[in-house]
file run23.txt (compact mmCIF, C-alpha atoms)
# COMPACT_ATOMS: atom_id res chain seq x y z
CA MET Y 8 0.00 0.00 0.00
CA ASP Y 9 1.54 3.31 -1.12
CA ILE Y 10 1.33 6.21 1.30
CA ALA Y 11 -0.34 8.34 -1.40
CA ASP Y 12 -3.43 6.15 -0.95
CA ILE Y 13 -3.93 7.42 2.60
CA ALA Y 14 -2.13 10.78 2.78
CA THR Y 15 -4.12 14.00 2.82
CA ARG Y 16 -3.59 17.20 0.87
CA GLU Y 17 -5.35 19.27 3.55
CA PHE Y 18 -3.12 20.60 6.33
CA VAL Y 19 -2.49 23.63 8.51
CA GLU Y 20 0.26 25.87 7.16
CA VAL Y 21 1.91 29.01 8.60
CA ASP Y 22 4.70 31.28 7.43
CA ALA Y 23 8.00 31.19 9.31
CA ASN Y 24 7.51 34.87 10.22
CA LYS Y 25 4.20 34.24 11.99
CA ARG Y 26 4.22 35.12 15.72
CA LEU Y 27 4.55 32.04 17.91
CA GLY Y 28 1.59 33.25 19.97
CA LYS Y 29 -0.60 32.85 16.88
CA VAL Y 30 0.75 29.35 16.34
CA ARG Y 31 -0.07 28.39 19.93
CA SER Y 32 -3.62 29.67 19.44
CA ILE Y 33 -3.99 27.46 16.34
CA PHE Y 34 -3.09 24.40 18.39
CA GLU Y 35 -5.55 25.43 21.08
CA ARG Y 36 -8.35 26.08 18.59
CA GLU Y 37 -7.85 23.34 15.98
CA ASN Y 38 -5.70 20.73 17.78
CA PRO Y 39 -3.79 19.61 14.65
CA LYS Y 40 -1.20 16.83 14.83
CA GLY Y 41 1.34 19.32 13.56
CA ILE Y 42 1.68 22.52 11.57
CA ILE Y 43 3.62 22.84 8.33
CA VAL Y 44 5.95 25.86 8.26
CA THR Y 45 6.87 27.52 4.97
CA GLU Y 46 9.41 30.21 4.16
CA ASP Y 47 9.06 32.23 0.97
CA GLY Y 48 6.46 29.71 -0.12
CA ALA Y 49 8.77 26.69 0.26
CA TYR Y 50 8.56 23.93 2.85
CA ALA Y 51 10.74 24.70 5.88
CA GLY Y 52 9.69 22.16 8.53
CA VAL Y 53 7.00 21.46 11.13
CA ILE Y 54 5.93 22.57 14.58
CA THR Y 55 4.41 19.94 16.86
CA GLN Y 56 2.42 20.17 20.06
CA LYS Y 57 5.23 18.36 21.86
CA GLN Y 58 7.54 21.28 21.13
CA LEU Y 59 5.17 23.71 22.83
CA VAL Y 60 5.38 21.80 26.10
CA GLN Y 61 9.16 21.59 25.89
CA SER Y 62 9.75 25.18 24.81
CA HIS Y 63 10.34 28.38 26.77
CA VAL Y 64 10.23 30.55 23.64
CA GLU Y 65 8.16 33.71 24.08
CA ASP Y 66 4.97 34.38 22.13
CA ASP Y 67 6.56 37.30 20.27
CA ALA Y 68 9.18 35.04 18.69
CA LYS Y 69 8.75 33.93 15.09
CA ALA Y 70 7.43 30.51 14.16
CA GLY Y 71 10.72 29.84 12.42
CA ALA Y 72 12.44 29.76 15.83
CA MET Y 73 10.43 26.65 16.73
CA THR Y 74 10.54 24.92 13.36
CA ARG Y 75 12.09 21.47 13.33
CA SER Y 76 12.80 19.11 10.49
CA ALA Y 77 10.46 16.17 10.05
CA PRO Y 78 11.22 13.01 8.11
CA LYS Y 79 10.15 13.44 4.50
CA VAL Y 80 8.40 10.62 2.68
CA GLU Y 81 7.61 10.08 -0.97
CA ARG Y 82 4.14 9.44 -2.36
CA THR Y 83 5.24 5.95 -3.41
CA ASP Y 84 6.70 4.90 -0.03
CA ASP Y 85 5.25 1.79 1.62
CA VAL Y 86 3.00 2.23 4.65
CA ARG Y 87 5.26 -0.01 6.77
CA GLU Y 88 8.30 2.16 6.06
CA VAL Y 89 6.38 5.36 6.80
CA ALA Y 90 5.26 3.90 10.13
CA ARG Y 91 8.93 3.34 10.94
CA VAL Y 92 9.78 6.90 9.92
CA LEU Y 93 7.15 8.37 12.24
CA VAL Y 94 8.26 6.25 15.20
CA GLU Y 95 11.97 6.93 14.72
CA GLY Y 96 11.40 10.62 14.17
CA GLY Y 97 9.28 10.89 17.31
CA THR Y 98 6.61 12.73 15.35
CA LYS Y 99 2.94 12.25 14.49
CA ILE Y 100 3.15 13.92 11.10
CA ALA Y 101 5.37 13.66 8.03
CA PRO Y 102 5.36 15.80 4.87
CA VAL Y 103 4.71 13.83 1.70
CA PHE Y 104 6.67 14.90 -1.37
CA GLN Y 105 6.34 14.34 -5.07
CA GLY Y 106 9.84 14.98 -6.27
CA ASP Y 107 10.87 18.33 -4.81
CA ASP Y 108 7.32 19.54 -4.25
CA LEU Y 109 5.29 19.26 -1.06
CA TRP Y 110 2.28 17.16 -2.06
CA GLY Y 111 0.52 16.67 1.29
CA ILE Y 112 0.97 15.19 4.75
CA VAL Y 113 0.43 11.86 6.44
CA THR Y 114 -0.35 11.42 10.12
CA GLU Y 115 -0.31 8.45 12.44
CA ASP Y 116 -4.12 8.51 12.44
CA ASP Y 117 -4.17 8.21 8.64
CA ILE Y 118 -2.04 5.08 8.82
CA LEU Y 119 -3.98 3.48 11.68
CA GLU Y 120 -7.32 4.04 9.95
CA ALA Y 121 -5.96 2.43 6.79
CA VAL Y 122 -4.71 -0.74 8.53
CA LEU Y 123 -7.47 -1.07 11.12
CA GLU Y 124 -8.89 -4.34 9.79
CA ASN Y 125 -5.45 -5.98 9.94
CA LEU Y 126 -5.09 -5.31 13.66
CA ASP Y 127 -7.44 -8.17 14.59
CA ALA Y 128 -4.37 -10.43 14.77
CA LEU Y 129 -3.01 -8.50 17.75
CA THR Y 130 -3.99 -8.35 21.39
CA ILE Y 131 -2.88 -5.57 23.70
CA ASP Y 132 -0.60 -7.79 25.79
CA GLN Y 133 1.56 -8.36 22.69
CA ILE Y 134 2.46 -4.72 22.03
CA TYR Y 135 1.65 -2.49 25.02
CA THR Y 136 4.22 -0.55 27.06
CA GLU Y 137 4.59 -2.31 30.38
CA ASP Y 138 6.90 0.19 32.09
CA VAL Y 139 4.41 2.97 32.85
CA ILE Y 140 5.06 6.15 34.84
CA THR Y 141 2.24 7.26 37.13
CA ILE Y 142 1.63 10.33 39.29
CA ARG Y 143 -0.58 11.23 42.26
CA GLU Y 144 -3.53 13.62 42.31
CA ASP Y 145 -1.58 16.24 44.26
CA THR Y 146 1.36 16.29 41.78
CA ASN Y 147 1.57 19.85 40.46
CA VAL Y 148 1.54 20.91 36.81
CA GLY Y 149 5.19 21.96 36.92
CA GLN Y 150 6.22 18.46 37.97
CA VAL Y 151 4.06 16.97 35.22
CA VAL Y 152 5.76 19.14 32.59
CA ASN Y 153 9.18 17.98 33.83
CA LEU Y 154 8.14 14.32 33.66
CA LEU Y 155 6.77 14.69 30.14
CA ARG Y 156 10.03 16.34 29.04
CA LYS Y 157 12.34 13.93 30.83
CA HIS Y 158 10.74 10.76 29.53
CA GLY Y 159 9.57 12.03 26.14
CA ILE Y 160 6.02 10.79 26.74
CA SER Y 161 2.62 12.26 26.05
CA ARG Y 162 0.43 11.13 28.98
CA LEU Y 163 0.51 10.11 32.63
CA PRO Y 164 -2.06 8.01 34.53
CA VAL Y 165 -3.13 9.65 37.82
CA LEU Y 166 -3.57 7.54 40.96
CA ASP Y 167 -5.18 8.29 44.31
CA ASP Y 168 -3.79 7.41 47.74
CA THR Y 169 -4.93 3.79 47.35
CA GLU Y 170 -2.98 3.38 44.06
CA SER Y 171 -6.27 3.29 42.12
CA LEU Y 172 -6.60 4.93 38.71
CA THR Y 173 -8.62 8.15 38.92
CA GLY Y 174 -7.55 10.20 35.90
CA MET Y 175 -5.23 10.82 32.97
CA VAL Y 176 -3.28 13.99 32.14
CA THR Y 177 -1.92 14.52 28.63
CA ARG Y 178 0.46 16.89 26.90
CA HIS Y 179 -2.55 18.49 25.25
CA ASP Y 180 -4.17 19.14 28.67
CA ILE Y 181 -1.02 20.95 29.79
CA VAL Y 182 -0.79 23.02 26.61
CA ASP Y 183 -4.46 23.90 26.94
CA VAL Y 184 -4.28 25.14 30.53
CA VAL Y 185 -0.98 26.98 30.05
CA VAL Y 186 -2.08 28.73 26.84
CA ARG Y 187 -5.50 29.60 28.27
CA ASP Y 188 -4.22 30.99 31.54
CA MET Y 189 -1.18 32.72 30.04
CA ASN Y 190 -3.36 34.59 27.59
CA LYS Y 191 -5.30 36.04 30.53
CA ALA Y 192 -2.17 37.54 32.05
CA THR Y 193 -0.89 41.00 31.25
CA ARG Y 194 2.81 41.47 30.60
CA GLY Y 195 3.44 42.66 34.15
CA ASP Y 196 1.51 39.78 35.67
CA ARG Y 197 3.06 37.07 33.51
CA SER Y 198 5.71 35.87 35.96
CA GLY Y 199 3.22 35.43 38.78
CA GLU Y 200 0.67 33.81 36.47
CA ILE Y 201 3.20 31.23 35.29
CA GLU Y 202 4.04 30.34 38.86
CA ARG Y 203 0.37 29.99 39.75
CA VAL Y 204 -0.36 27.67 36.82
CA LEU Y 205 2.67 25.46 37.52
CA ASP Y 206 1.58 25.10 41.14
CA LEU Y 207 -1.88 23.78 40.24
CA PRO Y 208 -2.48 20.16 41.35
CA VAL Y 209 -2.93 17.81 38.42
CA TYR Y 210 -6.31 16.89 39.88
CA ASP Y 211 -7.58 20.24 38.57
CA VAL Y 212 -6.58 19.58 34.95
CA MET Y 213 -6.73 15.79 34.52
CA ASN Y 214 -9.36 13.90 32.53
CA SER Y 215 -11.71 11.68 34.51
CA PRO Y 216 -13.12 9.06 34.19
CA VAL Y 217 -10.38 7.31 32.20
CA GLU Y 218 -10.77 5.15 29.11
CA THR Y 219 -9.07 1.83 29.84
CA ALA Y 220 -8.32 -1.42 28.06
CA ASN Y 221 -7.47 -4.92 29.29
CA LEU Y 222 -4.48 -7.04 28.30
CA GLY Y 223 -6.56 -9.54 26.34
CA ASP Y 224 -8.49 -6.93 24.34
CA SER Y 225 -8.13 -6.68 20.58
CA VAL Y 226 -5.77 -3.95 19.36
CA ARG Y 227 -8.29 -3.16 16.65
CA ASP Y 228 -10.98 -2.40 19.23
CA ALA Y 229 -8.56 -0.24 21.23
CA VAL Y 230 -7.46 1.73 18.15
CA GLU Y 231 -11.07 2.27 17.08
CA ARG Y 232 -11.79 3.82 20.46
CA MET Y 233 -8.68 6.00 20.27
CA LEU Y 234 -9.62 7.26 16.81
CA GLU Y 235 -13.28 7.87 17.68
CA ASN Y 236 -12.43 9.84 20.83
CA ASP Y 237 -9.20 11.47 19.59
CA PHE Y 238 -7.14 9.72 22.27
CA ALA Y 239 -3.44 9.13 21.70
CA GLY Y 240 -3.37 6.31 24.24
CA LEU Y 241 -5.29 4.19 26.73
CA ALA Y 242 -4.42 3.06 30.25
CA VAL Y 243 -4.03 -0.72 30.37
CA THR Y 244 -5.50 -2.29 33.48
CA ALA Y 245 -5.56 -5.76 35.01
CA ASP Y 246 -8.26 -8.09 33.68
CA ASP Y 247 -9.78 -8.46 37.13
CA ASP Y 248 -9.38 -4.85 38.33
CA ASP Y 249 -10.03 -1.81 36.10
CA SER Y 250 -8.48 0.49 38.70
CA HIS Y 251 -5.07 -1.24 38.72
CA VAL Y 252 -2.76 0.17 36.02
CA VAL Y 253 -0.35 -2.36 34.50
CA GLY Y 254 0.77 -0.39 31.44
CA ILE Y 255 -0.23 1.92 28.66
CA LEU Y 256 -1.08 1.47 24.97
CA THR Y 257 -0.36 4.35 22.59
CA LYS Y 258 -0.77 4.84 18.89
CA THR Y 259 3.02 4.76 18.67
CA ASP Y 260 3.01 1.23 20.13
CA VAL Y 261 0.66 0.17 17.33
CA LEU Y 262 2.74 1.87 14.63
CA ARG Y 263 5.81 0.12 15.98
CA ALA Y 264 4.07 -3.24 15.65
CA LEU Y 265 3.47 -2.50 11.97
CA THR Y 266 7.23 -2.41 11.42
CA TYR Y 267 7.79 -6.00 12.61
CA THR Y 268 9.37 -7.99 9.81
CA GLU Y 269 10.32 -11.55 8.92
CA GLU Y 270 13.82 -10.57 7.81
CA ASP Y 271 16.73 -12.79 8.81
CA HIS Y 272 18.25 -10.06 10.94
CA MET Y 273 16.57 -8.72 14.02
CA ASP Y 274 14.28 -5.75 13.43
CA VAL Y 275 15.47 -2.77 15.47
CA GLN Y 276 13.51 0.44 15.92
CA ILE Y 277 15.42 3.58 16.93
CA THR Y 278 13.67 6.65 18.30
CA ASN Y 279 15.52 9.97 17.93
CA ILE Y 280 17.97 8.44 15.50
CA SER Y 281 19.42 11.89 14.82
CA LEU Y 282 21.27 11.70 18.18
CA LEU Y 283 23.54 8.89 16.96
CA ASP Y 284 27.17 10.02 16.90
CA THR Y 285 29.94 7.42 16.55
CA ILE Y 286 27.52 4.51 16.55
CA SER Y 287 25.36 3.38 13.62
CA ARG Y 288 22.10 1.50 13.26
CA GLU Y 289 24.09 -1.53 12.08
CA ASP Y 290 26.29 -1.39 15.22
CA ILE Y 291 23.22 -1.27 17.44
CA ARG Y 292 21.55 -4.18 15.65
CA ALA Y 293 24.72 -6.28 15.85
CA ASP Y 294 25.30 -5.61 19.57
CA ILE Y 295 21.70 -6.42 20.52
CA GLY Y 296 21.89 -9.49 18.32
CA ASP Y 297 24.98 -10.66 20.22
CA VAL Y 298 23.07 -10.44 23.50
CA ALA Y 299 20.11 -12.34 22.08
CA ASP Y 300 22.32 -15.01 20.49
CA LYS Y 301 23.83 -15.89 23.87
CA TYR Y 302 20.43 -17.10 24.97
CA GLN Y 303 19.02 -18.72 21.85
CA ALA Y 304 16.10 -20.27 23.67
CA MET Y 305 14.72 -16.74 23.89
CA GLN Y 306 13.31 -15.47 20.60
CA VAL Y 307 13.43 -11.70 20.15
CA GLN Y 308 10.59 -10.45 17.99
CA HIS Y 309 11.43 -6.75 18.07
CA ALA Y 310 13.91 -4.37 19.64
CA HIS Y 311 13.24 -0.72 20.40
CA VAL Y 312 16.07 1.67 21.27
CA ARG Y 313 15.18 5.17 22.41
CA PHE Y 314 17.66 8.03 22.87
CA HIS Y 315 16.90 11.22 24.79
CA GLU Y 316 19.19 14.24 25.02
CA HIS Y 317 19.61 16.16 28.29
CA LYS Y 318 20.78 19.77 28.46
CA GLU Y 319 23.94 18.87 30.41
CA LYS Y 320 27.15 18.64 28.37
CA LEU Y 321 30.77 17.62 28.96
CA ARG Y 322 33.27 19.34 26.69
CA GLY Y 323 30.51 19.86 24.15
CA THR Y 324 29.16 16.29 24.25
CA PRO Y 325 25.55 16.07 25.49
CA LEU Y 326 24.39 13.74 28.24
CA ILE Y 327 22.25 11.07 26.58
CA GLN Y 328 19.78 8.65 28.10
CA CYS Y 329 19.31 5.34 26.27
CA GLN Y 330 16.50 2.86 26.81
CA ILE Y 331 16.49 -0.57 25.16
CA ARG Y 332 13.42 -2.79 25.18
CA LEU Y 333 13.20 -6.28 23.69
CA ARG Y 334 9.90 -7.96 22.97
CA THR Y 335 10.36 -11.71 23.19
CA ASN Y 336 8.11 -14.72 22.91
CA LYS Y 337 7.97 -14.86 26.72
CA GLY Y 338 7.74 -11.22 27.72
CA GLN Y 339 9.82 -8.06 27.73
CA ALA Y 340 13.43 -7.40 28.71
CA ALA Y 341 14.78 -3.89 29.12
CA GLY Y 342 17.87 -1.92 30.07
CA SER Y 343 18.58 1.78 30.40
CA GLY Y 344 21.61 3.95 31.02
CA GLU Y 345 23.11 7.40 30.63
CA GLY Y 346 26.40 8.66 29.29
CA TYR Y 347 28.00 11.49 27.37
CA GLY Y 348 27.28 10.68 23.76
CA ALA Y 349 24.91 8.12 22.27
CA SER Y 350 27.56 5.40 22.04
CA THR Y 351 28.41 5.53 25.75
CA ALA Y 352 24.77 5.67 26.79
CA PHE Y 353 23.93 2.71 24.56
CA ASN Y 354 26.74 0.56 25.98
CA VAL Y 355 25.64 1.25 29.57
CA ALA Y 356 22.05 0.34 28.65
CA LEU Y 357 23.24 -2.78 26.80
CA ASP Y 358 25.11 -4.03 29.89
CA LYS Y 359 21.96 -3.66 31.99
CA LEU Y 360 19.90 -5.33 29.29
CA GLU Y 361 22.20 -8.36 29.26
CA ARG Y 362 21.82 -8.78 33.02
CA ASN Y 363 18.06 -8.56 32.71
CA VAL Y 364 17.98 -11.02 29.81
CA LEU Y 365 19.47 -13.64 32.14
CA GLU Y 366 16.07 -13.84 33.78
CA LEU Y 367 14.57 -14.98 30.49
CA LYS Y 368 17.21 -17.62 29.77
CA GLY Y 369 15.78 -21.03 29.07
CA VAL Y 370 12.33 -20.05 27.87
CA GLN Y 371 10.85 -22.09 25.02
CA ALA Y 372 10.18 -20.63 21.59
CA ASP Y 373 6.65 -19.83 20.57
CA GLU Y 374 6.68 -19.68 16.77
CA GLU Y 375 2.89 -19.94 16.57
CA TYR Y 376 2.43 -16.42 17.95
CA ARG Y 377 5.14 -14.91 15.77
CA GLY Y 378 3.86 -16.65 12.67
CA GLN Y 379 0.27 -15.51 13.21
CA LEU Y 380 1.34 -11.94 13.89
CA LEU Y 381 3.70 -11.61 10.93
CA ARG Y 382 1.41 -13.36 8.45
CA LYS Y 383 -1.40 -10.95 9.28
CA LEU Y 384 0.79 -7.86 9.18
CA GLY Y 385 2.35 -9.13 5.97
CA GLU Y 386 -1.03 -8.69 4.26
CA LEU Y 387 -0.71 -4.88 4.50
call {"tool": "encode", "arguments": {"input": "run23.txt", "output": "structure tokens"}}
result
Amino acid sequence: MDIADIATREFVEVDANKRLGKVRSIFERENPKGIIVTEDGAYAGVITQKQLVQSHVEDDAKAGAMTRSAPKVERTDDVREVARVLVEGGTKIAPVFQGDDLWGIVTEDDILEAVLENLDALTIDQIYTEDVITIREDTNVGQVVNLLRKHGISRLPVLDDTESLTGMVTRHDIVDVVVRDMNKATRGDRSGEIERVLDLPVYDVMNSPVETANLGDSVRDAVERMLENDFAGLAVTADDDDSHVVGILTKTDVLRALTYTEEDHMDVQITNISLLDTISREDIRADIGDVADKYQAMQVQHAHVRFHEHKEKLRGTPLIQCQIRLRTNKGQAAGSGEGYGASTAFNVALDKLERNVLELKGVQADEEYRGQLLRKLGEL
């Protein structure tokens, strides 16, 4: 399936000289997945909602100051490859080109709607994110913003004092309350207004009740609910207790599943691939493969490596956090670490991963699951 079959030619576009305050108001009013930025009529990049949460740029700045590059795709690209591009680029939107000309855009929702029928082969327990970060009702907005930035995530389940799920706060909720309340402030009041908003308890801005899904539910049913309600993710709860959070399922998790392959080499997904320095995708695949090969009774179906850059630097080299997660026929194995430069961070994470993989040593292969999954996805 070519991406031109599902891409759209309708998108929000602003000039690079547009005030950032106007751009923020567009997100508040129209809630697009991203905004295309042009300069002198030519494509310059995109602005995403995620950037607004992570940015301290003033409203009077130009849109060009916030513009970032997004992975470009061609009209003839395969849907599976475009899914990979969106995941690795950490974006929900990609410009679609015909030659040198901007033809349209494709979003994660476009792809998920197109492949919806094929998702019957998957259940949530096969692709969800098990390592979920939660917060309490009295956590303030400032702390939420820091957690969203630090972990590069878009939502946080909210628990009460009994560890029961009571709400969900998303990046969009934060943007909404910050933009709304900041616009009420005069220039002289701005500093105090910012402090007041950041001190608000998350209880005041969270969504409740929360849409949840169980581990055995169909991924198709979960995605249908996300698309119908414009949710980017669902809290995953225990089958016998809808208040007990065991993970989270996001649209990105589903896109990542679409990139699973039957190639001889292990399929490795890299998020924020632009942070790679002296290490390459091939190096990463080979090193993870070496770990997996030591314990051949464990079959690795997919590997996801995520890099995140901190502001701290050492002699010009940024501090990088690396997270590695393997999906195997008997569960997940993960390792994380930090270091100056992507290569150092990856090696620290790899060492931790190898120790954690020891716990999975000796498990028996389950080719039936892998075969069913890949045969169905191979029909795309």
call {"tool": "residues_around", "arguments": {"input": "run23.txt", "residues": "segment 221-236 of chain Y", "least_positions_apart": "4", "cutoff": "10 Å", "atoms": "all atoms listed in the file", "output": "PyMOL selection string"}}
result
chain Y and resi 116-117+119-120+122-135+240-249+252-258+261
call {"tool": "residues_near_point", "arguments": {"input": "run23.txt", "point": "(0.3, 14.2, 31.0)", "cutoff": "8 Å", "atoms": "all atoms listed in the file", "output": "list in words"}}
result
Val151, Val152, Leu155, Ile160, Ser161, Arg162, Leu163, Pro164, Met175, Val176, Thr177, Arg178, His179, Asp180 and Ile181 of chain Y
call {"tool": "atom_distance", "arguments": {"input": "run23.txt", "atom1": "atom CA of Lys29 of chain Y", "atom2": "atom CA of Lys69 of chain Y"}}
result
9.6 Å
call {"tool": "residues_around", "arguments": {"input": "run23.txt", "residues": "Ile291 of chain Y", "least_positions_apart": "2", "cutoff": "10 Å", "atoms": "all atoms listed in the file", "output": "ChimeraX atom specification"}}
result
/Y:275-277,286-289,293-297,312,350,353-354,357
call {"tool": "axis_aligned_box", "arguments": {"input": "run23.txt", "around": "segment 227-235 of chain Y", "padding_each_side": "5 Å", "output": "JSON"}}
result
{"center_x": -10.4, "center_y": 2.4, "center_z": 18.9, "size_x": 15.8, "size_y": 21.0, "size_z": 14.6}
call {"tool": "closest_residue", "arguments": {"input": "run23.txt", "among": "Y:Val148, Y:Ile327, Y:Ile100, Y:Val139", "to": "Lys79 of chain Y", "atoms": "all atoms listed in the file"}}
result
Y:Ile100
call {"tool": "closest_residue", "arguments": {"input": "run23.txt", "among": "Y:His309, Y:His315, Y:Arg87, Y:Arg82", "to": "Pro102 of chain Y", "atoms": "only C-alpha atoms"}}
result
Y:Arg82
call {"tool": "atom_distance", "arguments": {"input": "run23.txt", "atom1": "atom CA of Lys359 of chain Y", "atom2": "atom CA of Ser343 of chain Y"}}
result
6.6 Å
call {"tool": "residues_around", "arguments": {"input": "run23.txt", "residues": "segment 34-45 of chain Y", "least_positions_apart": "4", "cutoff": "8 Å", "atoms": "all atoms listed in the file", "output": "ChimeraX atom specification"}}
result
/Y:18-23,30,49-56,70-71,74,99-100,114,182-183,186
call {"tool": "atom_distance", "arguments": {"input": "run23.txt", "atom1": "atom CA of Arg332 of chain Y", "atom2": "atom CA of Glu144 of chain Y"}}
result
29.2 Å
call {"tool": "closest_residue", "arguments": {"input": "run23.txt", "among": "Y:Asp107, Y:Glu17, Y:Asp9, Y:Glu46", "to": "Glu88 of chain Y", "atoms": "only C-alpha atoms"}}
result
Y:Asp9
call {"tool": "closest_residue", "arguments": {"input": "run23.txt", "among": "Y:Ala239, Y:Cys329, Y:Ala121, Y:Leu166", "to": "Pro216 of chain Y", "atoms": "only C-alpha atoms"}}
result
Y:Leu166
